[in-house]
>>> print(open('input.txt').read())   # compact mmCIF, C-alpha atoms
# COMPACT_ATOMS: atom_id res chain seq x y z
CA ASP A 27 164.20 131.19 112.00
CA GLY A 28 165.21 132.89 108.78
CA GLY A 29 166.99 130.89 106.16
CA ILE A 30 166.90 129.07 102.86
CA THR A 31 165.17 125.75 102.43
CA GLN A 32 165.89 123.39 99.57
CA SER A 33 163.86 120.32 98.81
CA PRO A 34 164.10 117.47 98.31
CA LYS A 35 167.46 116.56 99.86
CA TYR A 36 167.85 113.62 97.45
CA LEU A 37 166.28 113.30 94.02
CA PHE A 38 166.46 110.57 91.43
CA ARG A 39 165.70 111.19 87.79
CA LYS A 40 165.22 108.81 84.94
CA GLU A 41 166.74 109.50 81.56
CA GLY A 42 164.60 111.92 79.55
CA GLN A 43 162.71 113.33 82.52
CA ASN A 44 162.50 116.90 83.68
CA VAL A 45 162.77 117.48 87.42
CA THR A 46 162.29 120.59 89.52
CA LEU A 47 164.32 121.52 92.57
CA SER A 48 162.70 123.79 95.11
CA CYS A 49 164.34 126.76 96.82
CA GLU A 50 162.52 129.01 99.29
CA GLN A 51 163.92 131.82 101.44
CA ASN A 52 162.35 133.93 104.17
CA LEU A 53 165.23 136.37 104.53
CA ASN A 54 163.58 139.04 102.40
CA HIS A 55 166.54 138.91 100.03
CA ASP A 56 166.20 140.33 96.54
CA ALA A 57 168.90 138.22 94.87
CA MET A 58 168.93 134.46 94.50
CA TYR A 59 171.32 132.04 92.82
CA TRP A 60 171.64 128.44 91.72
CA TYR A 61 175.00 126.68 91.78
CA ARG A 62 176.14 123.27 90.72
CA GLN A 63 178.85 121.47 92.69
CA ASP A 64 180.81 118.55 91.28
CA PRO A 65 183.51 116.58 93.10
CA GLY A 66 186.84 118.38 93.13
CA GLN A 67 185.41 121.52 91.54
CA GLY A 68 184.31 124.83 92.88
CA LEU A 69 180.76 126.04 92.60
CA ARG A 70 179.58 126.97 89.13
CA LEU A 71 176.78 129.47 88.63
CA ILE A 72 173.77 128.18 86.69
CA TYR A 73 171.27 131.05 86.95
CA TYR A 74 170.77 134.11 89.08
CA SER A 75 167.93 136.48 89.78
CA GLN A 76 168.42 140.06 90.87
CA ILE A 77 164.78 140.71 91.58
CA VAL A 78 161.31 139.23 91.18
CA ASN A 79 160.32 138.44 87.59
CA ASP A 80 163.90 138.75 86.40
CA PHE A 81 166.62 136.15 85.94
CA GLN A 82 169.84 135.79 83.99
CA LYS A 83 171.96 132.91 82.73
CA GLY A 84 175.11 132.11 84.61
CA ASP A 85 178.16 130.24 83.36
CA ILE A 86 176.51 126.83 82.75
CA ALA A 87 172.82 127.51 82.01
CA GLU A 88 172.39 125.04 79.15
CA GLY A 89 169.85 122.34 80.00
CA TYR A 90 168.41 124.27 82.96
CA SER A 91 165.52 126.69 83.42
CA VAL A 92 164.28 128.85 86.30
CA SER A 93 161.45 131.13 87.27
CA ARG A 94 161.13 133.92 89.83
CA GLU A 95 157.43 134.65 90.24
CA LYS A 96 157.71 135.35 93.96
CA LYS A 97 160.47 136.97 95.96
CA GLU A 98 160.69 133.97 98.25
CA SER A 99 160.94 131.27 95.61
CA PHE A 100 163.46 130.41 92.87
CA PRO A 101 162.83 126.89 91.53
CA LEU A 102 165.30 125.22 89.18
CA THR A 103 164.21 122.76 86.49
CA VAL A 104 166.76 120.31 85.18
CA THR A 105 165.59 119.40 81.71
CA SER A 106 166.28 116.33 79.60
CA ALA A 107 168.63 118.53 77.55
CA GLN A 108 171.13 118.58 80.42
CA LYS A 109 173.57 115.86 79.40
CA ASN A 110 175.18 115.23 82.76
CA PRO A 111 172.79 116.30 85.50
CA THR A 112 174.12 114.15 88.34
CA ALA A 113 175.51 116.66 90.85
CA PHE A 114 174.92 118.50 94.10
CA TYR A 115 172.81 121.64 93.59
CA LEU A 116 172.99 124.60 95.92
CA CYS A 117 170.65 127.55 96.12
CA ALA A 118 171.82 130.81 97.68
CA SER A 119 170.55 134.31 98.34
CA SER A 120 171.99 137.69 99.21
CA ILE A 121 170.51 141.00 100.26
CA ASP A 122 170.85 142.32 96.75
CA TRP A 123 172.84 141.74 93.58
CA ASP A 124 174.87 144.92 93.73
CA ARG A 125 176.44 143.98 97.04
CA TYR A 126 176.76 140.21 96.48
CA SER A 127 180.49 140.43 95.89
CA ASN A 128 181.01 142.19 99.23
CA THR A 129 178.44 140.63 101.50
CA GLU A 130 177.52 137.26 102.86
CA ALA A 131 175.60 134.76 100.79
CA PHE A 132 173.24 132.38 102.55
CA PHE A 133 173.07 128.84 101.25
CA GLY A 134 170.50 126.10 101.44
CA GLN A 135 171.50 122.58 102.43
CA GLY A 136 171.53 121.38 98.86
CA THR A 137 169.82 118.77 96.70
CA ARG A 138 171.71 115.77 95.45
CA LEU A 139 170.39 114.77 92.04
CA THR A 140 171.17 111.36 90.59
CA VAL A 141 170.22 110.08 87.17
CA VAL A 142 169.21 106.43 87.23
CA GLY B 25 189.49 135.87 83.93
CA ASP B 26 189.30 136.13 87.67
CA SER B 27 190.36 133.05 89.58
CA VAL B 28 191.05 131.63 93.00
CA THR B 29 193.62 128.90 93.63
CA GLN B 30 193.47 126.78 96.75
CA MET B 31 195.81 124.10 97.95
CA GLU B 32 194.60 120.65 97.05
CA GLY B 33 193.36 118.35 99.73
CA PRO B 34 192.57 116.35 101.53
CA VAL B 35 194.44 117.72 104.50
CA THR B 36 194.63 115.34 107.44
CA LEU B 37 195.67 116.66 110.85
CA SER B 38 195.67 115.41 114.39
CA GLU B 39 193.52 117.23 116.91
CA GLU B 40 195.21 120.38 118.31
CA ALA B 41 197.53 120.69 115.30
CA PHE B 42 198.09 123.99 113.51
CA LEU B 43 196.16 124.51 110.28
CA THR B 44 197.08 126.47 107.19
CA ILE B 45 195.07 126.30 103.97
CA ASN B 46 196.64 128.37 101.22
CA CYS B 47 194.63 130.56 98.89
CA THR B 48 195.77 132.97 96.19
CA TYR B 49 193.61 135.14 93.96
CA THR B 50 193.89 137.21 90.81
CA ALA B 51 194.50 140.83 91.61
CA THR B 52 192.19 142.54 89.11
CA GLY B 53 190.20 145.32 90.70
CA TYR B 54 189.57 145.54 94.43
CA PRO B 55 188.07 142.20 95.43
CA SER B 56 186.57 141.18 98.70
CA LEU B 57 187.74 137.81 99.98
CA PHE B 58 185.84 135.18 101.91
CA TRP B 59 186.26 131.78 103.45
CA TYR B 60 183.19 129.55 103.48
CA VAL B 61 182.89 126.18 105.20
CA GLN B 62 180.79 123.22 104.11
CA TYR B 63 180.08 120.48 106.61
CA PRO B 64 179.20 117.03 105.24
CA GLY B 65 175.88 116.96 103.39
CA GLU B 66 175.18 120.64 103.97
CA GLY B 67 175.33 123.97 102.21
CA LEU B 68 178.06 126.56 102.63
CA GLN B 69 178.33 128.92 105.59
CA LEU B 70 180.36 132.08 105.76
CA LEU B 71 183.35 131.59 108.06
CA LEU B 72 185.08 134.96 107.70
CA LYS B 73 185.72 137.76 105.27
CA ALA B 74 187.99 140.72 104.50
CA THR B 75 187.07 143.57 102.22
CA LYS B 76 190.36 145.44 101.75
CA ALA B 77 194.11 145.02 101.93
CA ASP B 78 195.57 144.25 105.37
CA ASP B 79 192.15 143.44 106.83
CA LYS B 80 192.07 140.37 109.03
CA GLY B 81 188.93 138.28 109.16
CA SER B 82 188.41 136.01 112.15
CA ASN B 83 185.78 133.68 113.51
CA LYS B 84 185.68 130.54 115.69
CA GLY B 85 189.46 130.59 116.10
CA PHE B 86 190.09 130.82 112.34
CA GLU B 87 191.92 133.80 110.85
CA ALA B 88 192.88 135.04 107.41
CA THR B 89 194.68 138.23 106.39
CA TYR B 90 194.13 139.97 103.06
CA ARG B 91 197.64 140.29 101.59
CA LYS B 92 197.68 142.45 98.52
CA GLU B 93 201.45 142.19 97.98
CA THR B 94 201.29 138.40 97.72
CA THR B 95 197.65 138.20 96.48
CA SER B 96 196.95 135.70 99.23
CA PHE B 97 194.27 135.00 101.82
CA HIS B 98 195.51 131.96 103.71
CA LEU B 99 193.27 130.40 106.34
CA GLU B 100 194.85 129.54 109.70
CA LYS B 101 193.83 128.07 113.01
CA GLY B 102 196.11 127.45 115.93
CA SER B 103 194.50 124.28 117.26
CA VAL B 104 192.03 122.29 115.19
CA GLN B 105 189.28 120.11 116.56
CA VAL B 106 187.52 117.06 115.15
CA SER B 107 184.45 119.25 114.65
CA ASP B 108 186.43 121.40 112.18
CA SER B 109 186.41 118.54 109.67
CA ALA B 110 184.77 120.01 106.58
CA VAL B 111 185.47 121.43 103.13
CA TYR B 112 186.78 125.00 103.08
CA PHE B 113 186.24 127.30 100.10
CA CYS B 114 188.18 130.45 99.35
CA VAL B 115 185.99 132.92 97.50
CA ARG B 116 186.75 136.10 95.60
CA GLY B 117 184.20 138.85 95.04
CA SER B 118 185.28 141.19 92.31
CA GLY B 119 183.85 144.38 93.62
CA GLY B 120 182.19 146.51 91.02
CA TYR B 121 181.78 143.63 88.60
CA GLN B 122 179.52 141.77 91.04
CA LYS B 123 181.03 138.46 90.09
CA VAL B 124 181.88 135.87 92.69
CA THR B 125 184.49 133.17 92.04
CA PHE B 126 184.82 130.05 94.18
CA GLY B 127 187.97 128.04 94.71
CA THR B 128 187.80 124.27 94.28
CA GLY B 129 187.60 123.64 98.02
CA THR B 130 190.01 121.96 100.43
CA LYS B 131 188.82 119.03 102.48
CA LEU B 132 190.08 118.99 106.05
CA GLN B 133 189.96 115.85 108.15
CA VAL B 134 190.90 116.10 111.81
CA ILE B 135 191.57 112.84 113.62
CA PRO B 136 191.45 112.41 117.40
>>> encode(input="input.txt", output="structure tokens")
Amino acid sequence: DGGITQSPKYLFRKEGQNVTLSCEQNLNHDAMYWYRQDPGQGLRLIYYSQIVNDFQKGDIAEGYSVSREKKESFPLTVTSAQKNPTAFYLCASSIDWDRYSNTEAFFGQGTRLTVV
Amino acid sequence: GDSVTQMEGPVTLSEEAFLTINCTYTATGYPSLFWYVQYPGEGLQLLLKATKADDKGSNKGFEATYRKETTSFHLEKGSVQVSDSAVYFCVRGSGGYQKVTFGTGTKLQVIP
């Protein structure tokens, strides 16, 4: 079945550590996105990628980094510079960037990151 | 900037009750409008969408009509079920600017 897979489902990070969240899709979508979800807030865009080997900062990119070496994969690294990383992280994809605002986005099941 | 305003939750209803979740959006440009649903512990799924004024999106008994005159896209369902318990997000896509704005979400709890 086609879809987006995020792993792990739960992740614990110690202070000062970098951690990487995985996102893989087999939908053949060009565009991929990372969102952060906090209680009582909408989704906020961290990074997006329109195509392989390209990515752009979203609204809250500070303390995060990404790569897009393969079409299927868009991993997110939460660095020690991110002051408040505890949140629910969602990865999404769409057919392409130009039509994202008019077409369906497909979401993974999310990763809940907790700083301990 | 562009924004979406949803009614605050949680909304608690008895099974078979009528549901309305209000959503209004900023009218800049010619946005597409969506409702997504998030079940506990999961990602978001598209529930329905409308791409122009007066369009009605519908799915699984849910409906929403794109009202340009009131800049609204309210979600309705005539008879809710326990399985409809989830968080519902109203989403605005701003057309040519390719920017998508999410509402804060409304939690719905349906009790038997």
>>> residues_near_point(input="input.txt", point="(184.3, 135.6, 109.8)", cutoff="10 Å", atoms="all atoms listed in the file", output="ChimeraX atom specification")
/A:130 /B:58-60,69-74,80-88
>>> closest_residue(input="input.txt", among="A:Gly136, A:Pro34, A:Pro111, A:Gly42", to="chain B", atoms="only C-alpha atoms")
A:Gly136
>>> atom_distance(input="input.txt", atom1="CA of Thr128 in chain B", atom2="CA of Ala57 in chain A")
23.5 Å
>>> closest_residue(input="input.txt", among="A:Ala118, A:Val141, A:Leu47, A:Val92", to="Ser106 in chain A", atoms="all atoms listed in the file")
A:Val141
>>> residues_around(input="input.txt", residues="Gly29 in chain A", least_positions_apart="2", cutoff="9 Å", atoms="only C-alpha atoms", output="PyMOL selection string")
chain A and resi 27+31+50-53+132-134
>>> interface_residues(input="input.txt", of="chain A", to="chain B", cutoff="8 Å", atoms="only C-alpha atoms", output="PyMOL selection string")
chain A and resi 66-70+116+123-128+130-136
>>> residues_near_point(input="input.txt", point="(194.3, 137.2, 90.5)", cutoff="6 Å", atoms="all atoms listed in the file", output="list of chain:residue names")
B:Asp26, B:Ser27, B:Tyr49, B:Thr50, B:Ala51, B:Thr52
>>> write_last_selection(input="input.txt", atoms="C-alpha atoms", output="compact mmCIF listing (two decimals), keeping the file's coordinate frame")
# COMPACT_ATOMS: atom_id res chain seq x y z
CA ASP B 26 189.30 136.13 87.67
CA SER B 27 190.36 133.05 89.58
CA TYR B 49 193.61 135.14 93.96
CA THR B 50 193.89 137.21 90.81
CA ALA B 51 194.50 140.83 91.61
CA THR B 52 192.19 142.54 89.11
>>> residues_around(input="input.txt", residues="Glu40 in chain B", least_positions_apart="3", cutoff="10 Å", atoms="all atoms listed in the file", output="number ranges by chain")
B: 37, 43, 101-106, 134-136
>>> write_last_selection(input="input.txt", atoms="C-alpha atoms", output="CSV table (one decimal), in the frame of the given file")
chain,number,residue,atom,x,y,z
B,37,LEU,CA,195.7,116.7,110.8
B,43,LEU,CA,196.2,124.5,110.3
B,101,LYS,CA,193.8,128.1,113.0
B,102,GLY,CA,196.1,127.4,115.9
B,103,SER,CA,194.5,124.3,117.3
B,104,VAL,CA,192.0,122.3,115.2
B,105,GLN,CA,189.3,120.1,116.6
B,106,VAL,CA,187.5,117.1,115.2
B,134,VAL,CA,190.9,116.1,111.8
B,135,ILE,CA,191.6,112.8,113.6
B,136,PRO,CA,191.4,112.4,117.4
>>> residues_around(input="input.txt", residues="range 95-98 of chain A", least_positions_apart="6", cutoff="12 Å", atoms="all atoms listed in the file", output="PDB file with C-alpha atoms, in the coordinates of the input")
ATOM      1  CA  GLY A  28     165.210 132.890 108.780  1.00  0.00           C
ATOM      2  CA  GLY A  29     166.990 130.890 106.160  1.00  0.00           C
ATOM      3  CA  ILE A  30     166.900 129.070 102.860  1.00  0.00           C
ATOM      4  CA  THR A  31     165.170 125.750 102.430  1.00  0.00           C
ATOM      5  CA  GLN A  32     165.890 123.390  99.570  1.00  0.00           C
ATOM      6  CA  SER A  48     162.700 123.790  95.110  1.00  0.00           C
ATOM      7  CA  CYS A  49     164.340 126.760  96.820  1.00  0.00           C
ATOM      8  CA  GLU A  50     162.520 129.010  99.290  1.00  0.00           C
ATOM      9  CA  GLN A  51     163.920 131.820 101.440  1.00  0.00           C
ATOM     10  CA  ASN A  52     162.350 133.930 104.170  1.00  0.00           C
ATOM     11  CA  LEU A  53     165.230 136.370 104.530  1.00  0.00           C
ATOM     12  CA  ASN A  54     163.580 139.040 102.400  1.00  0.00           C
ATOM     13  CA  HIS A  55     166.540 138.910 100.030  1.00  0.00           C
ATOM     14  CA  ASP A  56     166.200 140.330  96.540  1.00  0.00           C
ATOM     15  CA  ALA A  57     168.900 138.220  94.870  1.00  0.00           C
ATOM     16  CA  MET A  58     168.930 134.460  94.500  1.00  0.00           C
ATOM     17  CA  SER A  75     167.930 136.480  89.780  1.00  0.00           C
ATOM     18  CA  GLN A  76     168.420 140.060  90.870  1.00  0.00           C
ATOM     19  CA  ILE A  77     164.780 140.710  91.580  1.00  0.00           C
ATOM     20  CA  VAL A  78     161.310 139.230  91.180  1.00  0.00           C
ATOM     21  CA  ASN A  79     160.320 138.440  87.590  1.00  0.00           C
ATOM     22  CA  ASP A  80     163.900 138.750  86.400  1.00  0.00           C
ATOM     23  CA  PHE A  81     166.620 136.150  85.940  1.00  0.00           C
ATOM     24  CA  ALA A 118     171.820 130.810  97.680  1.00  0.00           C
ATOM     25  CA  SER A 119     170.550 134.310  98.340  1.00  0.00           C
ATOM     26  CA  SER A 120     171.990 137.690  99.210  1.00  0.00           C
ATOM     27  CA  ILE A 121     170.510 141.000 100.260  1.00  0.00           C
ATOM     28  CA  ASP A 122     170.850 142.320  96.750  1.00  0.00           C
TER      29      ASP A 122
END
>>> atom_distance(input="input.txt", atom1="CA of Thr105 in chain A", atom2="CA of Ile72 in chain A")
13.0 Å
>>> atom_distance(input="input.txt", atom1="CA of Asp78 in chain B", atom2="CA of Arg91 in chain B")
5.9 Å
>>> residues_around(input="input.txt", residues="Thr48 in chain B", least_positions_apart="2", cutoff="6 Å", atoms="all atoms listed in the file", output="PyMOL selection string")
chain B and resi 28-29+95-96
>>> axis_aligned_box(input="input.txt", around="range 104-109 of chain B", padding_each_side="6 Å", output="JSON")
{"center_x": 188.2, "center_y": 119.7, "center_z": 113.1, "size_x": 19.6, "size_y": 17.2, "size_z": 18.9}
>>> closest_residue(input="input.txt", among="A:Leu102, A:Ala113, A:Ala107, A:Val142", to="Thr46 in chain A", atoms="only C-alpha atoms")
A:Leu102
>>> residues_around(input="input.txt", residues="Arg138 in chain A", least_positions_apart="6", cutoff="9 Å", atoms="only C-alpha atoms", output="NGL selection string")
:A and (34-38 or 112-116)
>>> write_last_selection(input="input.txt", atoms="C-alpha atoms", output="mmCIF file, in the coordinates of the input")
data_model
loop_
_atom_site.group_PDB
_atom_site.id
_atom_site.type_symbol
_atom_site.label_atom_id
_atom_site.label_comp_id
_atom_site.auth_asym_id
_atom_site.auth_seq_id
_atom_site.Cartn_x
_atom_site.Cartn_y
_atom_site.Cartn_z
ATOM 1 C CA PRO A 34 164.100 117.470 98.310
ATOM 2 C CA LYS A 35 167.460 116.560 99.860
ATOM 3 C CA TYR A 36 167.850 113.620 97.450
ATOM 4 C CA LEU A 37 166.280 113.300 94.020
ATOM 5 C CA PHE A 38 166.460 110.570 91.430
ATOM 6 C CA THR A 112 174.120 114.150 88.340
ATOM 7 C CA ALA A 113 175.510 116.660 90.850
ATOM 8 C CA PHE A 114 174.920 118.500 94.100
ATOM 9 C CA TYR A 115 172.810 121.640 93.590
ATOM 10 C CA LEU A 116 172.990 124.600 95.920
#
